[in-house]
Amino acid sequence: MTRRLAQVAKKVGVSEATVSRVLNGKPGVSDSTRQAVLSALDVLGYERPTQLRGERARLVGLVLPELQNPIFPAFAEVIGGALAQLGLTPVLCTQTKGGVSEADYVDLLLQQQVSGVVFAGGLYAQADAPHDHYRQLAERHIPVVLVNAAIGHLGFPGVSCDDAVAVEQAWRHLVSLGHERIGLVLGPADHIPSGRKLAAVRSLAPDLPDEHIGRAMFSIEGGQAAASRLIDRGVTGFICASDPLALGVVRAARRKGLDVPSQVSVVGYDDSALMNCTEPPLTTVRQPIEAMGRAAVELLNAQIGGSSVTPEELLFEPELVVRGSTAQAPRR
């Protein structure tokens, strides 16, 4: 018992006496501290006292597709911090290739009687992916919020960066530098945010050749492979659907003996960590991660509190950050 008190107290950052008061149902403890202690019990694997077991765990699943792309740890930091301020404990669920799937995590979270789930990137953004686990959450009336562009019929509220505005900012920047042969490096064909970016470019440049559009998995290697083909087709300016894809474009250009930015200009998307430390520093479109993460938590907390939240998508304005990977188009 003493060991349990010490572990829970350390986890929450309170005294063992405070933990004891919570476990024994004594007064003199704020509601947020009480909930934090109960959440810590759940996280550490201890059973709640009998008189407290009827309450739903104050746990919130935070489901991410990966941690290699710095944008996802950035979202996790903001969302996790905002949840903790509300006395909610985030349970980080990161998918692994060939390992635990998104659907598996949903099953585990339901077993833990979570109060809600935030998805920041995942299968909801792919039209052709399996979505039964989302329907399972809806049928169980579990509060859910989706970050960045979901398929339409899921019916959950969401927060997204405005892909159309992001692409327009990047496109106009490259055009202002004199680039006429502009290409896109996007995600898979069923990826909703990539589809939005392509639709926005089509409205700006209806005559954009299909051979100037590259599809890739979201990785440096994927970006390199797609960009290598587009460079061979004469593209000098690249707009990418993520920063890792943009770094792949830089690598492809260098492998072909081309200089970035004097011969090839590259614009990323996200402004994730360390993009100002690359060589050259990456011009990119910044997602407002802080505002988006906090809005996602507010939407989730409203649902947890019993408020009705319409399944709408809140769009947040991106910001073009110009650095050293873009320059005047090379003269023919």
# chains A, B, ... in the order shown; residues from 1 in each chain; ligands from 1

call {"tool": "residues_around", "arguments": {"residues": "Ala226 of chain A", "least_positions_apart": "4", "cutoff": "8 Å", "atoms": "only C-alpha atoms", "output": "PDB file with C-alpha atoms, in the first residue's frame"}}
result
ATOM      1  CA  VAL A 185       4.711  15.663 -54.137  1.00  0.00           C
ATOM      2  CA  GLY A 214       4.037  12.728 -57.746  1.00  0.00           C
ATOM      3  CA  ARG A 215       2.526  10.333 -55.199  1.00  0.00           C
ATOM      4  CA  ALA A 216       4.525   8.868 -52.322  1.00  0.00           C
ATOM      5  CA  GLY A 222       9.139   8.424 -50.684  1.00  0.00           C
ATOM      6  CA  LEU A 230       9.629  14.975 -61.597  1.00  0.00           C
ATOM      7  CA  VAL A 249      13.098  16.287 -52.712  1.00  0.00           C
TER       8      VAL A 249
END

call {"tool": "residues_around", "arguments": {"residues": "Arg254 of chain A", "least_positions_apart": "6", "cutoff": "12 Å", "atoms": "only C-alpha atoms", "output": "PyMOL selection string"}}
result
chain A and resi 224+227-228+231+247-248+260-265+279-280

call {"tool": "closest_residue", "arguments": {"among": "A:Asp163, A:Asp210, A:Glu102, A:Asp128", "to": "Pro188 of chain A", "atoms": "only C-alpha atoms"}}
result
A:Asp128

call {"tool": "select_by_dssp", "arguments": {"residues": "segment 216-245 of chain A", "states": "alpha helix (DSSP H)", "output": "VMD selection string"}}
result
chain A and resid 220 to 232 243 to 245

call {"tool": "atom_distance", "arguments": {"atom1": "atom CA of Leu198 of chain A", "atom2": "atom CA of Ser219 of chain A"}}
result
18.8 Å

call {"tool": "closest_residue", "arguments": {"among": "A:Arg4, A:Arg331, A:Arg323, A:Arg181", "to": "Met275 of chain A", "atoms": "only C-alpha atoms"}}
result
A:Arg323

call {"tool": "residues_around", "arguments": {"residues": "Arg286 of chain A", "least_positions_apart": "3", "cutoff": "6 Å", "atoms": "only C-alpha atoms", "output": "ChimeraX atom specification"}}
result
/A:270-271,318-319

call {"tool": "closest_residue", "arguments": {"among": "A:Glu77, A:Glu180, A:Glu168, A:Asp162", "to": "Leu314 of chain A", "atoms": "only C-alpha atoms"}}
result
A:Asp162
